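Visitor: Okay, here's the structure, questions in a sec.
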Amino acid sequence: MSELSVVGTRRPKVDAVAKVTGRARYTDDLRAPRMLAAKLLRSSRTHARIVRLDVSHALALPGVHAVLTGADLPIAYGILPVSQDEHALALEKVRYAGEPVAAVAADDEETAERALALVEVEYEDLPAVMSIEQALAVGAAAVHEERPTNVHRAAALEFGDVDGGFEAADHVREDIFFVHGNTHVPLEEHATLAEWDGSKLTMHTSTQVPHYLQRALERVLELPTSRIRVIVPALGGGFGGKCDPFSHELTAAKLAIVTGRPVKIALTREEVFYAHRGRHPVLMRVRSGFARDGRITAMEFRCLLDGGAYGSYGAASMLYTGALQTTTYAIPAYRFEGLRAYTTKPPCGPKRGHGTPQPRFALECHLDKVAEELGLDPIELRRRNLVEPFSWTVNHLRITSCALEECIDRVVEASGFEEKRGRLPHGRGVGFAVSAYMSGAGLPIYANELPQSEVQIKVDRGGGVTVYSMATDIGQGSDSVLAYLTAEVLGLEPADVAVVSADTDLTPIDLGSYSSRVTFMAGNAAVEAAERMRALVLGAVAEQLGLPLDRLVLRGGRALDPGDPESGVPWVEAIRIAAASRGPLVTAGSYRPPDLAGPYKGAGVGPSPAYSFSAAVVEVDCDPETGEVRVEKVWVAHDVGRALNPLLVEGQIEGSVYMALGEALLENHAFRDGVHLGPSLLDYKTPTALDMPEVVSIVVESDDPEGPFGAKEVGQGVLLPVIPAVANAVHDALGVRVDEVPITADKVIRALRQGRVGPKRLPDFPFRDAVRVDPPAQWRAAP
Amino acid sequence: MMRLPPFRLLRPRTAAEAAGLLASSGTDTLAVAGGTDLYPNMKRRQVTPRTLVSLRGIDELRGCRAGEDGELRIGAGTTLRQLVADPVVTSHAPALARAAALVSSPQVRTVATVGGNLCIDTRCNYYDLPEGWRASIGFCLKAGSDVCRVAPGGERCWAISSSDLAPVAVALDAHVRLVGAGGERMLPAAELYEDDGIRYLGKRPDEILADVIVPPGRGLRATYRKVRQRGSIDFPLLGVAAAVRTSEDGACEEARIVLGAVASRPVRCLEAEQALAGRRLEPGAIEAAAELAAAVAKPMENTDLTPLYRKRMVQVHVTRALAELTELG
Ligand SMILES: Cc1cc2nc3c(=O)[nH]c(=O)nc-3n(C[C@H](O)[C@H](O)[C@H](O)COP(=O)(O)OP(=O)(O)OC[C@H]3O[C@@H](n4cnc5c(N)ncnc54)[C@H](O)[C@@H]3O)c2cc1C
Ligand code: SF4
């Protein structure tokens with residue numbers, strides 16, 4: 001691919017200048033004439049029945065235009081078709097402190113605030129359910145009374161002969177881990193501006209998924225989607241926290257319809273902690289069997305998720321805690337039991353890595369412990385079990401390009417891991433881990449056979465190219481990627497390509513920015529659309545100039561014969577020729593992943609057209625007296641298929657490392673007495689710039705056969721290995737284990753006194769017998 | 001967090017004028033300097049003064065000067081950023097500059113003042129959150145209800161003294177000059193504080209803190225150590241200020257060990273100080289003193305990390321502070 005001129009070059013994002021100069025307009029920057037401000041009244045109770053709700057005094061306050069309660073928006077919704085269990089405003093019950101109960105639209109925010117204080121609510125308290133243990137306890141209060149228990153979803157799956165695998169093992173080990181759960185903390189708080197013109201609703205809103213929001217609005221407001229337009233302005237970070245339809249979006253829409261005036265709701269930072277949908281707390285048990293040489297003979301995972309009050313993506317999150325363990329290691333027999341429980345806390349959902357960082361933390365720490373017991377080098381243990389490129393996993397996942405081994409080699413060499421492990425002074429240590437992640441979920445959220453991404457390209461007479469795509473740039477750079485890919489195919493500069501994105505009226509479908517799907521899926525659609533445009537333009541030029549078509553290319557702003565650089569015509573001339581003979585210069589492309597789901601219920605979670613792979617080494621300096629863990633340096637190698645823009649890839653890697661270190665050492669979405677412990681940026685500890693170590697990013701390119709120019713995922717996968725690598729490094733430094741994250745200083749001190757800090761048992765739960773699934777036909781047991 | 005509630009801003013030119021305004025305007029008037037403590041508290045509706053008396057236009061509160069005898073005078077309006085960089089301060093009271101450098105973030109230090117730092121409200125994680133949140137826990141003593149959420153049995157508030165400068169000021173035996181409506185007076189820094197999370201200041205509300213006066217050092221060596229979870233922004237989970245003067249032969253003539261963030265005011269570790277008297281600062285003596293210091297600290301469950309951990313850290317950091325001073329000697 002030596003001919004590439006855009007792909008692979010380092011350049012700032014197309015919107016970088018607008019963002020750093022403050023020119024970019026975020027939802028909360030928008031003003032509309034006659035706009036009202038709305039506020040949500042949030043429950044002060046953790047779990048309670050609403051006995052009385054009287055909004056008359058609030059409504060009577062001068063300057064108040066409308067007050068809504070649950071009865072005004074009675075239709076249930078939820079992001080997944082299987083979990084339609086949310087209401088825009090609480091109906092009869094509140095299920096977490098902070099749940100929206102009423103909404104007020106007023107002349108300004110101050111008036112709305114004052115009106116909220118006039119809403120009278122009488123609650124009848126019910127017992128709070130604040131943990132997995134409490135949710136599963138006999139006689140626990142029911143979070144959703146129509147359900148017999150607090151179990152939201154449970155699954156038990158078995159691939160291959162697990163019992164046989166354990167019987168054949170020379171060595172079996174079991175470990176228990178806990179991840180406390182954490183939240184996204186996007187810099188931009190969620191905001192929505194809703195406008196109703198009498199027949200059409202227009203929403204400017206900070207969402208990662210305009211298409212899914214449009215569907216939720218359609219359902220709850222009973223409006224056809226043709227009357228709903230969702231536009232995403234500049235968006236200041238999502239990380240999965242803006243992937244659900246939210247109360248403030250549905251109520252702003254309803255308030256706009258009721259008042260006939262534009263209505264804006266901008267959440268406060270405190271409210272963002274209640275909107276949540278972040279990382280599930282997960283209690284995990286992993287058991288695995290090994291042959292004497294270190295080969296895995298069988299593995300078993302049991303994962304109990306604390307879901308919070310509503311379903312959100314939880315049914316998928318639960319399955320994700322079991323799905324991807326097999327994508328790094330060739331596990332011949334695998335059993336997964338998973339359960340998600342309802343608790344009276346803000347709902348959990350997808351956060352960067354969605355459901356997979358927790359089990360990855362467990363698995364990679366577990367493997368280090370196994371290696372220690374077997375007297376094997378931890379990296380050697382992993383090498384003996386590595387998944388093969390272009391193979392199938394026992395749970396029916398198709399692995400294609402895979403440079404995991406190269407990632408390991410490079411990161412081990414760059415960090416000097418082998419020379420350092422066990423040899424650094426007491427208090428200093430290194431840790432290692434690997435991971436893999438999807439380049440887009442293979443299946444959409446609601447079952448359909450349609451393309452998951454479509455892209456249109458239009459070329460104007462001046463040669464300007466416009467790309468239309470519903471893909472949502474949440475700061476990850478998807479607009480930039482679409483511009484790069486289109487420019488590459490058309491032989492132009494990215495600056496010649498305008499991107500119109502995330503507007504349901506103007507742009508063709510894309511399912512949204514989640515599961516690292518956009519570069520792969522919208523990218524493939526853009527490449528197809530651009531290739532069609534190239535064919536169209538070159539066909540016309542070849543005809544006009546009497547040149548053989550197969551000799552012509554688009555390069556450097558010209559249509560030319562590369563063998564004869566003097567030949568051909570400039571791009572603008574080529575466009576005129578094409579427009580004259582071919583009519584409107586408009587093309588489209590689309591992408592739908594191959595059908596990859598295995599033959600079992602739950603198989604929709606896990607398949608992806610390609611996986612990224614990564615390996616990390618973390619070096620820490622621990623103070624044995626204070627328990628403080630300082631991360632000195634992080635090395636990561638990431639197989640991203642191809643770096644479309646290495647600068648962007650490195651940015652995603654560094655951002656992932658940042659987020660991973662916060663989760664590993666500091667962040668805890670904790671509750672006390674039923675209430676969020678500290679919904680503020682002072683109390684909730686995300687790392688500061690001073691807590692960030694040097695990061696060495698090693699980009700590994702495996703050139704995926706199905707990705708756009710060989711590209712795969714970047715941005716989620718590389719978060720995963722960093723967390724267990726920190727835990728493993730702390731162990732190397734101090735010889736003790738903290739088997740839960742965050743690994744705070746007080747836990748390190750406790751571990752130094754008692755050898756280990758971490759959960760000791762899982763609450764009992766009678767899982768049904770696992771559904772037995774034969775490995776795929778392509779599965780080969782290792783020789 | 002909500003936006004700031006509306007208020008009237010008065011801009012006196014002298015400290016006496018400011019004190020007069022505070023005395024005459026009643027309880028819903030407060031002084032404000034940098035506002036980095038007060039404004040967030042107002043946004044959370046912990047206080048809702050109708051009138052603020054800004055101290056920023058008062059020239060006499062500015063500047064740091066050292067007298068010929070080595071006495072250091074720091075104007076209360078000096079910003080922490082200025083304090084950190086002022087050569088008069090770094091040479092006469094380096095521990096104070098060090099503590100100031102550990103306050104919050106560069107942005108906050110640019111507007112935060114010394115006077116404001118010494119007077120910041122006590123903190124508690126049942127209290128320092130927005131009004132709606134406090135309502136959901138039923139408020140607490142400090143917020144006007146009748147129960148303390150940390151120690152429900154008791155009658156008092158245990159909110160934590162969280163100033164980084166206060167323990168150092170006490171350890172250096174600094175005094176503050178207070179200008180009130182009825183005249184001015186000097187007060188030892190230690191007496192500026194009460195052991196009560198609600199009425200935490202030992203001064204009248206109309207009294208303006210005008211200067212901090214640090215006596216001549218005469219060989220006193222001092223340091224400050226701070227425990228926090230992150231490299232920036234966070235309030236202290238523990239502050240340890242230590243000051244010692246040793247004789248020619250290394251024997252300890254004077255020692256002051258002051259803990260921040262373990263109670264509602266800075267806490268002096270008198271027994272630890274006495275244990276050091278006349279002894280050389282050797283590991284044995286240091287360890288014994290650190291143990292005694294830890295016994296004084298009674299952290300509660302109202303900030304980050306566990307009370308047990310924070311108590312353990314007293315011993316570690318007093319040891320380290322004293323060891324540091326040994327090295328300096
Ligand atoms: C995110 C964040 C982190 C912080 N971290 C720290 C920290 O780590 N360590 C720390 O010590 N502080 C911290 N602070 C608190 C605060 O920023 C500092 O203590 C600062 O020095 C306060 O000074 P100020 O001038 O802004 O005070 P202001 O907010 O103006 O005033 C604080 C109080 O003192 C009174 N006051 C101010 N000046 C005088 C005066 N001259 N005479 C009498 N009364 C006066 C005011 O009436 C008010 O009650 C933090 C604040 C924030 C927002
Ligand atoms: S210590 Fe008690 S009274 Fe004081 S702020 Fe905290 S909870 Fe309230």
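Residue names in the structure tokens use chain letters A, B, ... in the order shown, residue numbers from 1 in each chain, and ligand numbers from 1 in the order shown.
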Within 8 Å of Leu116 of chain A, counting only C-alpha atoms, which residues show up once you throw out same-chain ones fewer than 4 positions away? Write them as a compact mmCIF listing (two decimals) with all heavy atoms, in the first residue's frame, please.
Guide:
```txt
# COMPACT_ATOMS: atom_id res chain seq x y z
N LYS A 39 -36.13 21.83 34.06
CA LYS A 39 -35.37 21.15 35.13
C LYS A 39 -36.15 19.92 35.57
O LYS A 39 -37.38 19.90 35.50
CB LYS A 39 -35.22 22.09 36.32
CG LYS A 39 -34.15 23.13 36.14
CD LYS A 39 -32.86 22.59 36.70
CE LYS A 39 -31.66 23.40 36.28
NZ LYS A 39 -30.43 22.62 36.46
N LEU A 40 -35.42 18.96 36.05
CA LEU A 40 -36.06 17.73 36.53
C LEU A 40 -36.05 17.68 38.05
O LEU A 40 -35.03 17.97 38.67
CB LEU A 40 -35.30 16.51 35.99
CG LEU A 40 -35.28 16.37 34.47
CD1 LEU A 40 -34.28 15.30 34.05
CD2 LEU A 40 -36.66 16.04 33.94
N LEU A 41 -37.19 17.33 38.61
CA LEU A 41 -37.23 17.05 40.05
C LEU A 41 -36.78 15.61 40.22
O LEU A 41 -37.32 14.71 39.59
CB LEU A 41 -38.64 17.22 40.61
CG LEU A 41 -38.75 16.90 42.10
CD1 LEU A 41 -38.11 18.00 42.93
CD2 LEU A 41 -40.20 16.70 42.51
N ALA A 58 -46.48 24.40 41.90
CA ALA A 58 -45.40 24.65 40.95
C ALA A 58 -45.97 25.27 39.67
O ALA A 58 -45.43 26.24 39.13
CB ALA A 58 -44.67 23.35 40.63
N ALA A 103 -40.99 17.21 35.81
CA ALA A 103 -40.20 18.14 35.00
C ALA A 103 -40.96 19.45 34.89
O ALA A 103 -42.17 19.46 34.75
CB ALA A 103 -39.96 17.54 33.61
N VAL A 104 -40.20 20.53 34.96
CA VAL A 104 -40.80 21.86 34.88
C VAL A 104 -40.16 22.62 33.73
O VAL A 104 -38.94 22.64 33.60
CB VAL A 104 -40.55 22.64 36.19
CG1 VAL A 104 -41.00 24.10 36.03
CG2 VAL A 104 -41.28 21.99 37.34
N ALA A 112 -37.45 27.69 37.13
CA ALA A 112 -37.71 26.24 37.11
C ALA A 112 -37.27 25.61 38.43
O ALA A 112 -37.97 24.77 38.99
CB ALA A 112 -36.99 25.60 35.93
```
Visitor: Taking only C-alpha atoms into account, find every residue of chain A that has an atom no more than 8 Å from chain B, and write it out as a list in words.
Guide: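 Selected residues: Ser43, Ser44, Arg45, Ala97, Thr268, Arg269, Glu270, Glu625, Thr626, Leu666, Val675, Leu677, Gly678, Pro679, Ser680, Leu682, Asp683, Lys685, Pro687, Thr688, Leu690, Asp691, Asp746 and Ile749 of chain A.
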Visitor: Which residues of chain B have any atom within 10 Å of an atom in ligand 2 when counting only C-alpha atoms and all ligand atoms, and what is the closest pair of atoms for each, with the distance in Å to one decimal? Order the rows by chain and rising number and write it as JSON lines.
Guide:
```
{"residue": "B:Thr122", "atom": "CA", "partner": "ligand 2", "partner_atom_place_in_ligand_line": "5 (S)", "distance": 8.0}
{"residue": "B:Arg123", "atom": "CA", "partner": "ligand 2", "partner_atom_place_in_ligand_line": "5 (S)", "distance": 6.7}
{"residue": "B:Cys124", "atom": "CA", "partner": "ligand 2", "partner_atom_place_in_ligand_line": "6 (Fe)", "distance": 4.6}
{"residue": "B:Asn125", "atom": "CA", "partner": "ligand 2", "partner_atom_place_in_ligand_line": "6 (Fe)", "distance": 6.6}
{"residue": "B:Tyr126", "atom": "CA", "partner": "ligand 2", "partner_atom_place_in_ligand_line": "7 (S)", "distance": 4.9}
{"residue": "B:Tyr127", "atom": "CA", "partner": "ligand 2", "partner_atom_place_in_ligand_line": "5 (S)", "distance": 4.9}
{"residue": "B:Asp128", "atom": "CA", "partner": "ligand 2", "partner_atom_place_in_ligand_line": "5 (S)", "distance": 7.8}
{"residue": "B:Arg134", "atom": "CA", "partner": "ligand 2", "partner_atom_place_in_ligand_line": "8 (Fe)", "distance": 9.6}
{"residue": "B:Ile137", "atom": "CA", "partner": "ligand 2", "partner_atom_place_in_ligand_line": "7 (S)", "distance": 9.7}
{"residue": "B:Phe139", "atom": "CA", "partner": "ligand 2", "partner_atom_place_in_ligand_line": "8 (Fe)", "distance": 7.3}
{"residue": "B:Cys140", "atom": "CA", "partner": "ligand 2", "partner_atom_place_in_ligand_line": "8 (Fe)", "distance": 4.4}
{"residue": "B:Leu141", "atom": "CA", "partner": "ligand 2", "partner_atom_place_in_ligand_line": "3 (S)", "distance": 4.1}
{"residue": "B:Lys142", "atom": "CA", "partner": "ligand 2", "partner_atom_place_in_ligand_line": "3 (S)", "distance": 4.5}
{"residue": "B:Ala143", "atom": "CA", "partner": "ligand 2", "partner_atom_place_in_ligand_line": "8 (Fe)", "distance": 6.5}
{"residue": "B:Gly144", "atom": "CA", "partner": "ligand 2", "partner_atom_place_in_ligand_line": "3 (S)", "distance": 8.7}
{"residue": "B:Ser145", "atom": "CA", "partner": "ligand 2", "partner_atom_place_in_ligand_line": "3 (S)", "distance": 8.5}
{"residue": "B:Asp146", "atom": "CA", "partner": "ligand 2", "partner_atom_place_in_ligand_line": "3 (S)", "distance": 8.4}
{"residue": "B:Val147", "atom": "CA", "partner": "ligand 2", "partner_atom_place_in_ligand_line": "3 (S)", "distance": 6.6}
{"residue": "B:Cys148", "atom": "CA", "partner": "ligand 2", "partner_atom_place_in_ligand_line": "2 (Fe)", "distance": 3.5}
{"residue": "B:Arg149", "atom": "CA", "partner": "ligand 2", "partner_atom_place_in_ligand_line": "7 (S)", "distance": 4.0}
{"residue": "B:Val150", "atom": "CA", "partner": "ligand 2", "partner_atom_place_in_ligand_line": "2 (Fe)", "distance": 4.9}
{"residue": "B:Ala151", "atom": "CA", "partner": "ligand 2", "partner_atom_place_in_ligand_line": "2 (Fe)", "distance": 6.3}
{"residue": "B:Pro152", "atom": "CA", "partner": "ligand 2", "partner_atom_place_in_ligand_line": "2 (Fe)", "distance": 7.5}
{"residue": "B:Gly154", "atom": "CA", "partner": "ligand 2", "partner_atom_place_in_ligand_line": "2 (Fe)", "distance": 9.0}
{"residue": "B:Glu155", "atom": "CA", "partner": "ligand 2", "partner_atom_place_in_ligand_line": "3 (S)", "distance": 8.6}
{"residue": "B:Arg156", "atom": "CA", "partner": "ligand 2", "partner_atom_place_in_ligand_line": "3 (S)", "distance": 6.5}
{"residue": "B:Cys157", "atom": "CA", "partner": "ligand 2", "partner_atom_place_in_ligand_line": "4 (Fe)", "distance": 3.6}
{"residue": "B:Trp158", "atom": "CA", "partner": "ligand 2", "partner_atom_place_in_ligand_line": "1 (S)", "distance": 3.7}
{"residue": "B:Ala159", "atom": "CA", "partner": "ligand 2", "partner_atom_place_in_ligand_line": "1 (S)", "distance": 4.1}
{"residue": "B:Ile160", "atom": "CA", "partner": "ligand 2", "partner_atom_place_in_ligand_line": "1 (S)", "distance": 7.5}
{"residue": "B:Asp196", "atom": "CA", "partner": "ligand 2", "partner_atom_place_in_ligand_line": "4 (Fe)", "distance": 8.6}
{"residue": "B:Gly197", "atom": "CA", "partner": "ligand 2", "partner_atom_place_in_ligand_line": "4 (Fe)", "distance": 5.7}
{"residue": "B:Ile198", "atom": "CA", "partner": "ligand 2", "partner_atom_place_in_ligand_line": "4 (Fe)", "distance": 6.9}
{"residue": "B:Ala263", "atom": "CA", "partner": "ligand 2", "partner_atom_place_in_ligand_line": "1 (S)", "distance": 9.8}
{"residue": "B:Ser264", "atom": "CA", "partner": "ligand 2", "partner_atom_place_in_ligand_line": "1 (S)", "distance": 8.8}
{"residue": "B:Met300", "atom": "CA", "partner": "ligand 2", "partner_atom_place_in_ligand_line": "1 (S)", "distance": 8.4}
{"residue": "B:Glu301", "atom": "CA", "partner": "ligand 2", "partner_atom_place_in_ligand_line": "1 (S)", "distance": 9.0}
{"residue": "B:Asn302", "atom": "CA", "partner": "ligand 2", "partner_atom_place_in_ligand_line": "6 (Fe)", "distance": 6.5}
{"residue": "B:Thr303", "atom": "CA", "partner": "ligand 2", "partner_atom_place_in_ligand_line": "6 (Fe)", "distance": 9.4}
```
Visitor: Out of A:Leu68, A:Ala526, A:Val387, A:Val736, which residue has the shortest atom-to-atom distance to Lys369 of chain A when counting only C-alpha atoms?
Guide: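 Nearest to Lys369 of chain A: A:Val736.
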Visitor: Determine which residues of segment 100-318 of chain B receive a DSSP assignment of strand (DSSP E or B), computed from the backbone, and state them as number ranges by chain.
Guide: B: 113, 123, 160, 175-180, 183-188, 193, 201, 208-214, 221-227, 238-246, 251-260, 267-268, 280
